[in-house]
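*Asks:* One structure is given below, represented as structure tokens, and several questions about it will come after.
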Amino acid sequence: MRADTDTIDEFVASDYKYGFVTDIESESLEPGLGEETVRFISAKKKEPQWMLEWRLKALRHWEKLECPTWPHVKYPPIDFQDISYYSAPKKKGDGPKSLDEVDPKLLETYEKLGVPLHERARLAGVAVDAVFDSESIGTTFKEDLAKAGVIFCSISEAVQEHPELVRKYLGTVVPYTDNFYATLNSAVFSDGSFVYIPKGTRCPMELSTYFRINAANTGQFERTLIIAEEGSHVSYLEGCTAPMRDENQLHAAVVELIALDNAEIKYSTVQNWYPGDEEGRGGIYNFVTKRGICKTNAKISWTQVETGSAITWKYPSVILKGDNSIGEFYSVALTNNMQQADTGTKMVHLGKNTRSTIVSKGISAGRGQNSYRGLVQVGKKAANARNFSQCDSLLIGDRCGAHTFPYIEVKNPSANIEHEATTSKIGEDQIFYCNQRGLETQDAVNMIVNGFCKEVFRELPMEFAVEAQKLLDVSLEGSVG
Amino acid sequence: MLEIRNLQAGIEDKPILKGIDLSVNAGEVHALMGPNGSGKSTLASVLAGREGFDVTSGEVLYNGNDLLDLAPEERAREGVFLAFQYPVEIPGVNSAYFLRSAVNEVRKHRGEEELDAMNFLKAVKAKMKELGLNEDFLKRPVNAGFSGGEKKRNEILQMAMLNPKLAVLDETDSGLDIDALRIVADGVNRLKRPDNAQLIITHYQRLLDYIVPDFVHVLHDGRIIKSGDKSLALELEEKGYDWLVKEAA
């Protein structure tokens with residue numbers, strides 16, 4: 001019915017409440033990428049020679065690579081010489097020694113984003129590392145964590161303070177030759193978080209990094225490295241926002257997780273980069289490589305709620321190297337307006353009795369295009385490997401799209417692989433049914449969407465599950481009239 | 001309670017209702033009968049405010065106010081309930097959660113306190129017992145995978161919980177076996193009070209063995225061609241609709 005699609009058409013305009021710009025003096029590098037750029041960043045970070053050399057090797061390799069074209073997304077070619085690769089709030093003197101000395105404007109920014117950093121308002125039980133453009137501006141609860149032997153700091157600091165750990169593990173899961181964007185990141189990464197959990201330790205609080213892009217024409221290339229020693233346990237969450245701008249901005253991150261024997265890493269993402277406007281102007285290009293490796297009996301669990309970005313391109317993956325190791329991927333990806341997402345996971349089974357679970361929920365509204373792309377690979381020696389995949393798509397309105405690209409490669413006959421997929425559409429009849437029971441259309445849509453996503457939400461840490469649900473509601477706001 | 005005057009409505013340019021006049025007072029049960037395509041379900045849809053139906057003429061007053069001016073959810077909160085001919089499946093949404101949200105919307109509207117999960121469960125379980133429904137209903141997603149009979153019973157449960165002033169039952173009896181029919185009829189009879197009214201749309205006389213209407217109306221080609229008491233329904237059962245249609249022509 002004609003009238004039906006009209007109401008659903010209105011199911012589009014939503015306000016992005018994190019779109020403000022912080023007016024702060026920044027030190028930015030002129031756009032352009034070459035050896036000097038890399039040397040500048042490395043010098044800025046006072047890095048040791050080995051780090052600089054690693055970056056330069058990555059740069060030389062990158063210069064030989066072509067931008068990938070296989071994802072199911074459309075965008076004009078990116079001019080990599082037109083991006084500034086470094087921008088940081090200007091420091092006075094040597095820079096702040098503690099959070100108390102950080103520019104109040106920065107603290108205010110994080111307060112506005114709902115992540116207060118100063119002592120009295122800190123989120124209880126959550127330690128936060130705040131990354132602003134190319135720099136980490138501070139980390140909360142550092143001392144408390146140090147008591148447990150946990151290291152939680154920016155990666156730049158880790159290169160200085162814990163070079164042996166960084167050198168041992170950086171690039172071991174995502175080598176600098178891995179792919180176009182990961183290689184670019186390896187050359188120019190500016191900051192990110194570093195986590196080290198000692199043997200047998202259960203990290204006493206949630207760790208979290210909040211990424212904020214502020215400067216215009218700047219790319220953010222952060223690098224996160226998490227090392228969980230034998231028998232340790234950590235839960236980590238990242239959040240992301242950016243101002244509303246008419247130009248697209250590039251965010252190309254790399255995350256590496258290392259779970260040694262019997263360790264467990266739970267990595268959750270609530271990604272809310274600026275998605276662009278209704279016509280598809282502006283928004284972040286989110287091209288991210290995330291991968292973890294599991295040793296014997298280890299477990300890595302990725303949970304992501306992706307509501308932002310003009311384009312999302314990421315496949316958080318697990319290499320199940322050790323016997324009996326477990327990989328999990330729970331994802332909700334929402335595309336509204338002109339947003340495009342090509343996201344999924346790779347589960348690489350190498351060890352015996354390895355298990356993996358994939359639950360992907362794609363929601364498309366407006367003219368959004370949502371693709372699930374996943375690889376389940378079972379190696380020759382991976383006896384009794386098991387995988388269960390479930391990919392569900394929900395369509396809202398009739399101008400959006402949902403696509404599924406599952407790849408399965410099995411080299412061991414004892415493997416057990418299950419794949420389920422469904423596609424459904426929020427129908428006018430469902431909405432009318434809810435209306436007739438007294439529910440507003442928006443509440444009805446939120447109820448249906450949340451019902452659709454609940455298997456993923458329940459994997460998020462409690463505090464963030466509520467947040468994620470609200471975020472989803474806001475991202476779908478103003479939709480049905 | 002409900003005053004329908006010369007109501008004309010249709011889908012796109014096709015007229016379906018061609019001038020309906022009907023008065024329903026508090027405490028009354030009306031049955032609306034008629035052959036397929038006579039406009040029964042269209043009337044139910046127009047009363048509930050379903051999109052895609054255009055009212056071209058006439059008015060509908062509900063407790064003295066213009067019903068057609070209200071959004072569907074406002075009508076619901078004002079006490080208009082439609083038991084759907086084809087109840088809609090909503091996968092992923094838990095039945096108990098759905099029903100509690102609906103009940104609380106109505107309570108909020110009436111200025112009553114919202115029910116918390118505990119009190120709601122107590123209330124709904126009591127109602128289910130009354131209606132002879134199995135408690136596992138509550139744990140399942142709304143209507144998803146329900147049999148036809150279960151869906152209809154779920155409608156009756158929702159009606160009982162929402163306690164409407166005007167209940168419109170759109171062919172609630174279709175596709176029910178005799179036991180389900182009894183449960184549905186029993187639920188409807190329990191709801192009957194001096195301060196509310198029911199409009200029961202049905203194709204067959206069968207349901208009226210269990211629910212005794214005060215008035216029976218026959219709809220044909222978008223008009224009510226005959227009104228009477230319960231005996232009219234029995235006459236229809238015996239002779240079919242043809243004689244009335246001829247008489248009206």
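Every chain in the structure tokens takes a letter, A first, then B, and so on in the order presented; its residues are numbered from 1, and the ligands are numbered from 1 following the presented order.
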From a DSSP calculation on the backbone, collect every residue of stretch 28-234 of chain B in helix (DSSP H, G or I) and output the set as a PyMOL selection string.

*Replies:* chain B and resi 40-48+67-69+72-77+95-110+117-131+135-139+148-162+178-191+206-209+230-234

*Asks:* Neighbouring residues of stretch 446-450 of chain A were defined as those with any atom within 7 Å, considering only C-alpha atoms; residues of the same chain fewer than 2 positions away were excluded. Please report them as a ChimeraX atom specification.

*Replies:* /A:442-444,452-454,469,473 /B:92-93

*Asks:* Counting only C-alpha atoms, which residues of chain B come no farther than 10 Å from chain A, as a PDB file with C-alpha atoms, in the first residue's frame?

*Replies:*
ATOM      1  CA  ILE B  11      -9.006   1.697  -0.634  1.00  0.00           C
ATOM      2  CA  GLU B  12      -7.389   4.052  -3.113  1.00  0.00           C
ATOM      3  CA  ALA B  48      -9.001   1.062  14.358  1.00  0.00           C
ATOM      4  CA  GLY B  49      -7.310   3.528  12.000  1.00  0.00           C
ATOM      5  CA  ARG B  50      -5.395   1.216   9.709  1.00  0.00           C
ATOM      6  CA  GLU B  51      -3.485   3.052   6.998  1.00  0.00           C
ATOM      7  CA  GLY B  52      -4.475   2.821   3.393  1.00  0.00           C
ATOM      8  CA  PHE B  53      -8.200   3.253   3.966  1.00  0.00           C
ATOM      9  CA  ALA B  71      -4.014   8.245  15.623  1.00  0.00           C
ATOM     10  CA  PRO B  72      -4.384   4.451  15.926  1.00  0.00           C
ATOM     11  CA  GLU B  73      -2.426   4.329  19.193  1.00  0.00           C
ATOM     12  CA  GLU B  74      -4.576   7.127  20.660  1.00  0.00           C
ATOM     13  CA  ARG B  75      -7.715   5.204  19.792  1.00  0.00           C
ATOM     14  CA  ALA B  76      -6.243   2.160  21.496  1.00  0.00           C
ATOM     15  CA  ARG B  77      -5.419   4.131  24.630  1.00  0.00           C
ATOM     16  CA  GLU B  78      -8.932   5.569  24.632  1.00  0.00           C
ATOM     17  CA  GLY B  79     -10.216   2.020  24.907  1.00  0.00           C
ATOM     18  CA  VAL B  80     -10.825   0.877  21.338  1.00  0.00           C
ATOM     19  CA  PHE B  81      -9.564  -2.661  20.880  1.00  0.00           C
ATOM     20  CA  LEU B  82      -9.431  -4.605  17.645  1.00  0.00           C
ATOM     21  CA  ALA B  83      -9.082  -8.365  17.802  1.00  0.00           C
ATOM     22  CA  PHE B  84      -7.379  -9.056  14.477  1.00  0.00           C
ATOM     23  CA  TYR B  86      -5.037 -12.327  11.205  1.00  0.00           C
ATOM     24  CA  PRO B  87      -2.972 -11.534  14.315  1.00  0.00           C
ATOM     25  CA  VAL B  88       0.494 -10.383  13.314  1.00  0.00           C
ATOM     26  CA  GLU B  89       3.685 -12.251  14.199  1.00  0.00           C
ATOM     27  CA  ILE B  90       6.459 -10.210  15.797  1.00  0.00           C
ATOM     28  CA  PRO B  91       9.539 -12.439  16.043  1.00  0.00           C
ATOM     29  CA  GLY B  92      12.072 -11.581  18.741  1.00  0.00           C
ATOM     30  CA  VAL B  93       9.650  -9.624  20.889  1.00  0.00           C
ATOM     31  CA  ASN B  94       8.638 -11.474  24.003  1.00  0.00           C
ATOM     32  CA  TYR B  97       7.081  -7.711  27.420  1.00  0.00           C
ATOM     33  CA  PHE B  98       4.832  -6.691  24.554  1.00  0.00           C
ATOM     34  CA  LEU B  99       1.664  -7.037  26.565  1.00  0.00           C
ATOM     35  CA  SER B 101       4.134  -2.315  27.348  1.00  0.00           C
ATOM     36  CA  ALA B 102       0.637  -2.178  25.884  1.00  0.00           C
ATOM     37  CA  VAL B 103      -1.042  -2.351  29.295  1.00  0.00           C
ATOM     38  CA  ASN B 104       1.216   0.391  30.616  1.00  0.00           C
ATOM     39  CA  GLU B 105       0.530   2.675  27.661  1.00  0.00           C
ATOM     40  CA  VAL B 106      -3.162   2.449  28.451  1.00  0.00           C
ATOM     41  CA  HIS B 109      -3.046   7.435  29.399  1.00  0.00           C
ATOM     42  CA  PRO B 141       7.659 -14.198  20.849  1.00  0.00           C
ATOM     43  CA  GLN B 158      -4.695  -9.132  25.272  1.00  0.00           C
ATOM     44  CA  MET B 159      -8.256  -7.904  25.231  1.00  0.00           C
ATOM     45  CA  LEU B 162      -6.327  -4.166  28.203  1.00  0.00           C
TER      46      LEU B 162
END

*Asks:* Would you kindly return, as a PDB file with C-alpha atoms, in the first residue's frame, each protein, DNA or RNA residue with an atom no farther than 10 Å from any atom of A:Asp392, considering only C-alpha atoms and excluding same-chain residues fewer than 6 positions away?

*Replies:*
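After the write, selection_2.pdb holds the following:
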ATOM      1  CA  VAL A 332      24.813  -5.707  15.337  1.00  0.00           C
ATOM      2  CA  VAL A 359      25.921 -14.276  15.427  1.00  0.00           C
ATOM      3  CA  SER A 360      25.449 -11.376  13.048  1.00  0.00           C
ATOM      4  CA  LYS A 361      22.444  -9.077  13.004  1.00  0.00           C
ATOM      5  CA  GLY A 362      22.265  -6.579  10.169  1.00  0.00           C
ATOM      6  CA  ILE A 363      19.654  -3.833  10.182  1.00  0.00           C
ATOM      7  CA  TYR A 372      27.694  -9.666   6.115  1.00  0.00           C
ATOM      8  CA  ALA A 402      20.905  -6.611   2.914  1.00  0.00           C
ATOM      9  CA  THR A 404      25.240 -12.058   2.867  1.00  0.00           C
ATOM     10  CA  GLU A 420      21.706 -20.318   9.376  1.00  0.00           C
ATOM     11  CA  ALA A 421      20.451 -17.152   7.757  1.00  0.00           C
ATOM     12  CA  THR A 422      17.182 -15.256   7.766  1.00  0.00           C
ATOM     13  CA  THR A 423      15.924 -12.050   6.224  1.00  0.00           C
ATOM     14  CA  SER A 424      12.874 -10.265   7.517  1.00  0.00           C
ATOM     15  CA  PHE A 452      16.027  -8.722  16.848  1.00  0.00           C
ATOM     16  CA  CYS A 453      19.348  -7.770  18.474  1.00  0.00           C
TER      17      CYS A 453
END

*Asks:* As a ChimeraX atom specification, please: the residues near B:Asp173 (cut-off 9 Å, only C-alpha atoms, same-chain neighbours under 3 positions excluded).

*Replies:* /B:85,152,169-170,176-177,180-181,184-185,202-204,206-207

*Asks:* Apply DSSP to the structure's backbone, then extract all residues of stretch 29-175 of chain B labelled strand (DSSP E) and return them as number ranges by chain.

*Replies:* B: 29-33, 53-62, 65-66, 80-83, 90-94, 141-142, 166-170

*Asks:* Quick check, in Å to one decimal: how far apart do atom CA of B:Asp214 and atom CA of B:Glu130 lie?

*Replies:*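 These two atoms are separated by 24.7 Å.
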
*Asks:* Which one of B:Ala248, B:Val60, B:Ala44, B:Met161 sits closest to B:Leu22 if you count only C-alpha atoms?

*Replies:*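 Checking each candidate against B:Leu22, we get B:Val60 as the closest.
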
*Asks:* So that I can check the surroundings of A:Asn384, please list as a PyMOL selection string every protein, DNA and RNA residue that reaches within 6 Å of it, counting only C-alpha atoms and ignoring chain neighbours fewer than 5 positions away.

*Replies:* chain A and resi 353+414-415

*Asks:* Using N, CA and C atoms, can you write the selected residues to a file as a compact mmCIF listing (two decimals), in the first residue's frame?

*Replies:*
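out28.txt was written with the following content:
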# COMPACT_ATOMS: atom_id res chain seq x y z
N ASN A 353 39.71 -29.59 18.28
CA ASN A 353 38.57 -29.28 19.15
C ASN A 353 38.32 -27.78 19.31
N SER A 414 36.42 -34.09 9.83
CA SER A 414 35.67 -34.24 11.08
C SER A 414 35.01 -32.93 11.52
N ALA A 415 35.14 -31.90 10.71
CA ALA A 415 34.58 -30.60 11.10
C ALA A 415 33.05 -30.62 11.07
